[in-house]
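Q: One structure coming up, written as structure tokens, with questions to follow.
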Amino acid sequence: MPTDTKRVRGPETSQSPLLFWSRPAKVLPSHGPRADGRQRDQVDVRPVFVRCGLVSQAKGSAYIEAGSTKVLCCVYGPRETERKDETDMKSGRLTTDMRFAPFSCPERGSWIQGSQDKDFSLMLQESLQPAVCLHKYPRSQIEVNVMVLENSGSVLAHAVTCASMALADAGIEMYDLVLGCSLRQDGGSYVVDPTYPEENSWRSGSGEKQGGLTVAFLPSLNQVSGLQSDGEMAEETLTAGIRTCIEGCYKLYPVIQQALIKAVRRAALPPAES
Amino acid sequence: IGKPRPMIANEGYLEFFVDCSANATPEFEGRGGEELGTELSNTLYKVFNNQHSLDLKSLCISPGEHCWVLYVDVLLLQCDGNLYDAISVAIKAALFNTKIPRVHISSDEEGGKEIELSDDPYDCMRLDVENIPCIVTLCKIGHRHVVDATLQEKACSVASLIISVTHKGIITCSRKVGRGSLDPESICEMIEAGKRVGKALHPPLMKLLQQEESLGNKRQKVGFLG
């Protein structure tokens with residue numbers, strides 16, 4: 001396992017002070033309105049702020065902010081494949097890389113990519129690959145780099161949305177935008193677009209139906225390009241959850257479209273005044 | 001025996017590692033199999049990441065200080081498609097066969113805790129593997145889906161759905177893999193079929209494991225793998 005040899009993280013027996021901080025275990029109530037005022041059992045997605053074209057060096061970039069979750073994505077490419085033995089003559093390759101800034105989560109993460117980051121990168125690649133017209137870019141490589149600046153829940157879903165917007169901003173040909181939405185099933189009710197405390201509250205001793213679900217969806221083609229679920233759910237709960245996430249994606253769609261239109265208008269040259 | 005995770009002081013935990021050796025396919029030579037191995041291990045972590053699969057509290061020796069850490073190592077010998085299913089069946093069988101010795105904790109001088117293993121080799125604790133899920137992989141080929149696809153069938157498929165089902169029919173983890181996209185209706189069909197297959201897989205497996213267990217020393221050992 002690669003370890004970080006450049007930074008001194010204190011003696012090995014040191015532990016985080018958070019472990020000793022005796023605070024009352026905040027058990028989030030399972031009925032009633034959620035902490036930030038949204039409703040349970042309704043497709044109530046957080047309002048998002050989206051902006052394209054932030055990073056001028058990159059071919060395309062996008063920034064999304066939903067509640068406190070902040071995700072930034074840059075797209076480089078299409079460029080020549082780095083490793084000559086992996087050049088594919090018929091279609092391009094899409095490489096994704098998702099990283100969490102060490103200050104993004106309540107517990108400080110490390111700079112070296114852990115296995116969870118690799119897992120997210122793989123999920124991101126599987127969600128984006130059906131949407132990009134890779135056969136139009138033979139022998140090339142498109143790099144998508146996602147950086148999570150603050151993780152306040154449903155980070156994979158927002159990363160997928162951000163990455164597809166950055167790809168569109170870069171002018172890469174795609175079949176459709178990929179939107180992500182996630183859900184957390186808690187006993188009998190569900191919450192859409194959970195925040196960090198809602199995502200990580202595993203209540204002990206409760207029965208079945210506790211889990212999280214993330215869906216990546218292509219709205220105009222009505223296809224699901226990515227699905228990941230965790231925890232325990234019955235089959236009906238899972239299918240109902242997928243439908244709810246699809247509804248959530250449809251709610252986000254107009255906002256993303258508007259942001260892309262604005263970005264194109266800004267980038268387009270003003271009409272020549274003759 | 002290790003130290004329990006800081007946040008959950010009264011439970012043991014499992015560590016998964018999947019090794020794709022170069023025996024399986026020539027592509028796995030060198031570092032080639034590492035990516036697939038990490039993908040498989042991460043999925044296994046997700047599958048077992050819930051409270052009812054395995055009773056982790058029984059793995060605790062003394063809260064906050066000592067607990068049993070189960071290292072589950074999977075070695076792929078030959079690869080013919082459908083890796084997830086085979087791995088999950090193997091893990092269930094291996095955990096069924098696991099015997100954890102009983103420990104006694106006594107405090108010696110200076111107040112430290114000393115762990116003693118019981119001397120009797122048959123005095124051990126077995127794990128309850130009833131609730132461990134089995135993984136079912138469904139590949140979408142054309143408009144229909146296929147369970148337990150071979151390598152050739154997998155090459156024809158656009159995308160596959162991996163579902164892990166317990167014997168009660170509860171889905172603990174699901175994940176879409178592959179480079180294509182799936183229709184929401186076909187996902188619902190695939191989940192239903194996967195749950196049916198998964199539920200049907202558990203009773204014969206448990207029966208076989210118990211049958212083999214009851215043979216005890218009279219088992220015929222064929223070669224090294226028994």
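Each chain in the structure tokens gets a letter, A, B, ..., in the order shown, and its residues are numbered from 1; ligands are numbered from 1 in order too.
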Return the neighbours of chain A among the residues of chain B, cut-off 7 Å, counting only C-alpha atoms, as a short mmCIF file (atom, residue, chain, number, x, y, z; two decimals) with C-alpha atoms, in the first residue's frame.

A:
```
data_model
loop_
_atom_site.label_atom_id
_atom_site.label_comp_id
_atom_site.auth_asym_id
_atom_site.auth_seq_id
_atom_site.Cartn_x
_atom_site.Cartn_y
_atom_site.Cartn_z
CA GLU B 39 -12.23 -3.41 -8.51
CA ASN B 42 -13.92 -2.73 -3.59
CA LYS B 46 -19.55 -2.81 -0.50
CA ASN B 49 -20.87 -3.18 4.26
CA ASN B 50 -24.07 -3.70 6.18
CA GLY B 169 -34.03 -11.95 -1.14
CA ILE B 170 -32.61 -8.71 0.18
CA ILE B 171 -30.28 -6.91 -2.18
CA THR B 172 -27.18 -5.66 -0.43
CA CYS B 173 -25.25 -4.21 -3.29
CA SER B 174 -25.85 -3.56 -6.93
CA ARG B 175 -23.61 -2.09 -9.53
CA LYS B 176 -23.58 -1.59 -13.23
CA VAL B 177 -20.38 -2.46 -15.08
CA GLY B 178 -19.55 -2.23 -18.72
CA ARG B 179 -19.29 0.38 -21.36
CA GLY B 180 -22.92 0.60 -22.43
CA SER B 181 -26.07 1.97 -20.91
CA LEU B 182 -29.18 0.18 -19.74
CA ASP B 183 -32.86 0.92 -20.08
CA PRO B 184 -34.69 1.52 -16.79
CA CYS B 188 -36.05 -3.64 -13.26
#
```

Q: At a cut-off of 8 Å, using only C-alpha atoms, what residues contact Leu179 of chain A? Leave out same-chain residues fewer than 5 positions from it and give the result as an mmCIF file with all heavy atoms, in the first residue's frame.

A:
```cif
data_model
loop_
_atom_site.group_PDB
_atom_site.id
_atom_site.type_symbol
_atom_site.label_atom_id
_atom_site.label_comp_id
_atom_site.auth_asym_id
_atom_site.auth_seq_id
_atom_site.Cartn_x
_atom_site.Cartn_y
_atom_site.Cartn_z
ATOM 1 N N ALA A 157 -22.803 11.592 -7.506
ATOM 2 C CA ALA A 157 -23.838 12.062 -8.427
ATOM 3 C C ALA A 157 -23.456 13.430 -8.998
ATOM 4 O O ALA A 157 -23.533 13.668 -10.207
ATOM 5 C CB ALA A 157 -25.169 12.146 -7.693
ATOM 6 N N HIS A 158 -23.032 14.337 -8.125
ATOM 7 C CA HIS A 158 -22.683 15.664 -8.612
ATOM 8 C C HIS A 158 -21.420 15.633 -9.450
ATOM 9 O O HIS A 158 -21.261 16.423 -10.392
ATOM 10 C CB HIS A 158 -22.553 16.632 -7.443
ATOM 11 C CG HIS A 158 -23.861 16.887 -6.774
ATOM 12 N ND1 HIS A 158 -24.935 17.412 -7.441
ATOM 13 C CD2 HIS A 158 -24.281 16.658 -5.512
ATOM 14 C CE1 HIS A 158 -25.959 17.510 -6.609
ATOM 15 N NE2 HIS A 158 -25.590 17.053 -5.432
ATOM 16 N N VAL A 160 -20.604 13.257 -11.504
ATOM 17 C CA VAL A 160 -20.997 12.797 -12.844
ATOM 18 C C VAL A 160 -21.594 13.955 -13.636
ATOM 19 O O VAL A 160 -21.256 14.174 -14.807
ATOM 20 C CB VAL A 160 -22.016 11.646 -12.720
ATOM 21 C CG1 VAL A 160 -22.681 11.384 -14.032
ATOM 22 C CG2 VAL A 160 -21.343 10.405 -12.228
ATOM 23 N N THR A 161 -22.471 14.722 -12.996
ATOM 24 C CA THR A 161 -23.095 15.866 -13.677
ATOM 25 C C THR A 161 -22.031 16.871 -14.095
ATOM 26 O O THR A 161 -22.020 17.377 -15.220
ATOM 27 C CB THR A 161 -24.087 16.553 -12.735
ATOM 28 O OG1 THR A 161 -24.848 15.575 -12.068
ATOM 29 C CG2 THR A 161 -24.993 17.478 -13.486
ATOM 30 N N SER A 164 -19.917 15.627 -17.053
ATOM 31 C CA SER A 164 -20.547 15.662 -18.372
ATOM 32 C C SER A 164 -20.680 17.092 -18.858
ATOM 33 O O SER A 164 -20.565 17.374 -20.053
ATOM 34 C CB SER A 164 -21.881 14.946 -18.371
ATOM 35 O OG SER A 164 -22.789 15.601 -17.571
ATOM 36 N N ALA A 216 -26.795 7.279 -12.560
ATOM 37 C CA ALA A 216 -26.383 8.231 -13.596
ATOM 38 C C ALA A 216 -27.282 8.002 -14.798
ATOM 39 O O ALA A 216 -27.418 6.871 -15.256
ATOM 40 C CB ALA A 216 -24.928 8.005 -13.983
ATOM 41 N N PHE A 217 -27.869 9.054 -15.292
ATOM 42 C CA PHE A 217 -28.971 8.914 -16.240
ATOM 43 C C PHE A 217 -28.781 9.822 -17.437
ATOM 44 O O PHE A 217 -28.291 10.939 -17.300
ATOM 45 C CB PHE A 217 -30.256 9.283 -15.477
ATOM 46 C CG PHE A 217 -31.510 9.074 -16.232
ATOM 47 C CD1 PHE A 217 -31.892 7.810 -16.613
ATOM 48 C CD2 PHE A 217 -32.324 10.134 -16.547
ATOM 49 C CE1 PHE A 217 -33.060 7.606 -17.295
ATOM 50 C CE2 PHE A 217 -33.498 9.938 -17.234
ATOM 51 C CZ PHE A 217 -33.866 8.673 -17.613
ATOM 52 N N LEU A 218 -29.159 9.331 -18.637
ATOM 53 C CA LEU A 218 -29.136 10.165 -19.830
ATOM 54 C C LEU A 218 -30.581 10.548 -20.130
ATOM 55 O O LEU A 218 -31.375 9.700 -20.555
ATOM 56 C CB LEU A 218 -28.579 9.378 -21.020
ATOM 57 C CG LEU A 218 -27.075 9.114 -21.059
ATOM 58 C CD1 LEU A 218 -26.682 7.969 -20.209
ATOM 59 C CD2 LEU A 218 -26.632 8.876 -22.460
ATOM 60 N N PRO A 219 -30.972 11.802 -19.927
ATOM 61 C CA PRO A 219 -32.391 12.166 -19.972
ATOM 62 C C PRO A 219 -33.046 12.001 -21.342
ATOM 63 O O PRO A 219 -34.124 11.428 -21.427
ATOM 64 C CB PRO A 219 -32.403 13.625 -19.544
ATOM 65 C CG PRO A 219 -31.112 13.851 -18.881
ATOM 66 C CD PRO A 219 -30.140 12.929 -19.494
ATOM 67 N N CYS A 249 -33.162 13.455 -11.676
ATOM 68 C CA CYS A 249 -32.330 13.879 -12.798
ATOM 69 C C CYS A 249 -33.118 14.778 -13.745
ATOM 70 O O CYS A 249 -32.598 15.779 -14.242
ATOM 71 C CB CYS A 249 -31.817 12.677 -13.574
ATOM 72 S SG CYS A 249 -30.600 11.726 -12.672
ATOM 73 N N LEU A 252 -33.093 18.286 -12.604
ATOM 74 C CA LEU A 252 -31.860 19.039 -12.765
ATOM 75 C C LEU A 252 -31.610 19.453 -14.196
ATOM 76 O O LEU A 252 -30.858 20.390 -14.464
ATOM 77 C CB LEU A 252 -30.676 18.159 -12.333
ATOM 78 C CG LEU A 252 -30.199 18.237 -10.913
ATOM 79 C CD1 LEU A 252 -29.036 17.303 -10.726
ATOM 80 C CD2 LEU A 252 -29.773 19.629 -10.569
ATOM 81 N N TYR A 253 -32.198 18.717 -15.141
ATOM 82 C CA TYR A 253 -31.859 18.866 -16.552
ATOM 83 C C TYR A 253 -31.972 20.305 -17.069
ATOM 84 O O TYR A 253 -31.040 20.812 -17.695
ATOM 85 C CB TYR A 253 -32.739 17.904 -17.359
ATOM 86 C CG TYR A 253 -32.279 17.627 -18.764
ATOM 87 C CD1 TYR A 253 -30.932 17.619 -19.095
ATOM 88 C CD2 TYR A 253 -33.189 17.343 -19.762
ATOM 89 C CE1 TYR A 253 -30.521 17.353 -20.384
ATOM 90 C CE2 TYR A 253 -32.780 17.061 -21.044
ATOM 91 C CZ TYR A 253 -31.448 17.064 -21.351
ATOM 92 O OH TYR A 253 -31.046 16.787 -22.632
#
```

Q: Just the strand (DSSP E) stuff from segment 48-150 of chain B, please, per backbone DSSP, written as a PyMOL selection string.

A: chain B and resi 60-62+66-67+69-76+99-101+103-107+113-117+124-126+134-141+144-147

Q: So, with only C-alpha atoms as the atoms that count, which of B:Asp73, B:Glu153, B:Glu65, B:Glu35 lies closest to Glu15 of chain B?

A: B:Asp73

Q: What's around Val255 of chain A at 10 Å? Count only C-alpha atoms, leave out sequence neighbours fewer than 6 positions away in its own chain, and write the answer as an MDAnalysis selection string.

A: chainID A and resid 47:50

Q: Emit the selected residues as a compact mmCIF listing (two decimals), in the first residue's frame, including N, CA, C and O atoms.

A:
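Once written, result02.txt looks like this:
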```txt
# COMPACT_ATOMS: atom_id res chain seq x y z
N PRO A 47 -30.85 22.97 -4.53
CA PRO A 47 -30.63 23.89 -5.65
C PRO A 47 -29.14 23.91 -5.98
O PRO A 47 -28.29 23.85 -5.09
N VAL A 48 -28.82 23.97 -7.27
CA VAL A 48 -27.42 23.89 -7.68
C VAL A 48 -26.99 25.20 -8.32
O VAL A 48 -27.78 25.90 -8.94
N PHE A 49 -25.73 25.49 -8.16
CA PHE A 49 -25.10 26.58 -8.89
C PHE A 49 -24.11 25.95 -9.83
O PHE A 49 -23.24 25.20 -9.42
N VAL A 50 -24.23 26.23 -11.12
CA VAL A 50 -23.37 25.58 -12.10
C VAL A 50 -22.71 26.65 -12.94
O VAL A 50 -23.35 27.61 -13.32
```

Q: As an exercise, work out the distance from atom CA of Thr150 of chain B to atom CA of Asn97 of chain B in Å and give it to one decimal place.

A: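 According to the coordinates, atom CA of Thr150 of chain B and atom CA of Asn97 of chain B are separated by 28.3 Å.
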
Q: Enter the distance from atom CA of Pro133 of chain B to atom CA of Val47 of chain B, in Å, rounded to one decimal.

A: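 It comes out at 7.6 Å.
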
Q: Report as a VMD selection string all protein, DNA and RNA residues lying within 7 Å of Asp41 of chain A, evaluated on only C-alpha atoms, omitting residues in the same chain fewer than 3 positions from it.

A: chain A and resid 189 to 191

Q: Have a look at atom CA of Tyr84 of chain B and atom CA of Leu36 of chain B and let me know their distance in Å, one decimal.

A: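 Those two atoms sit 11.1 Å apart.
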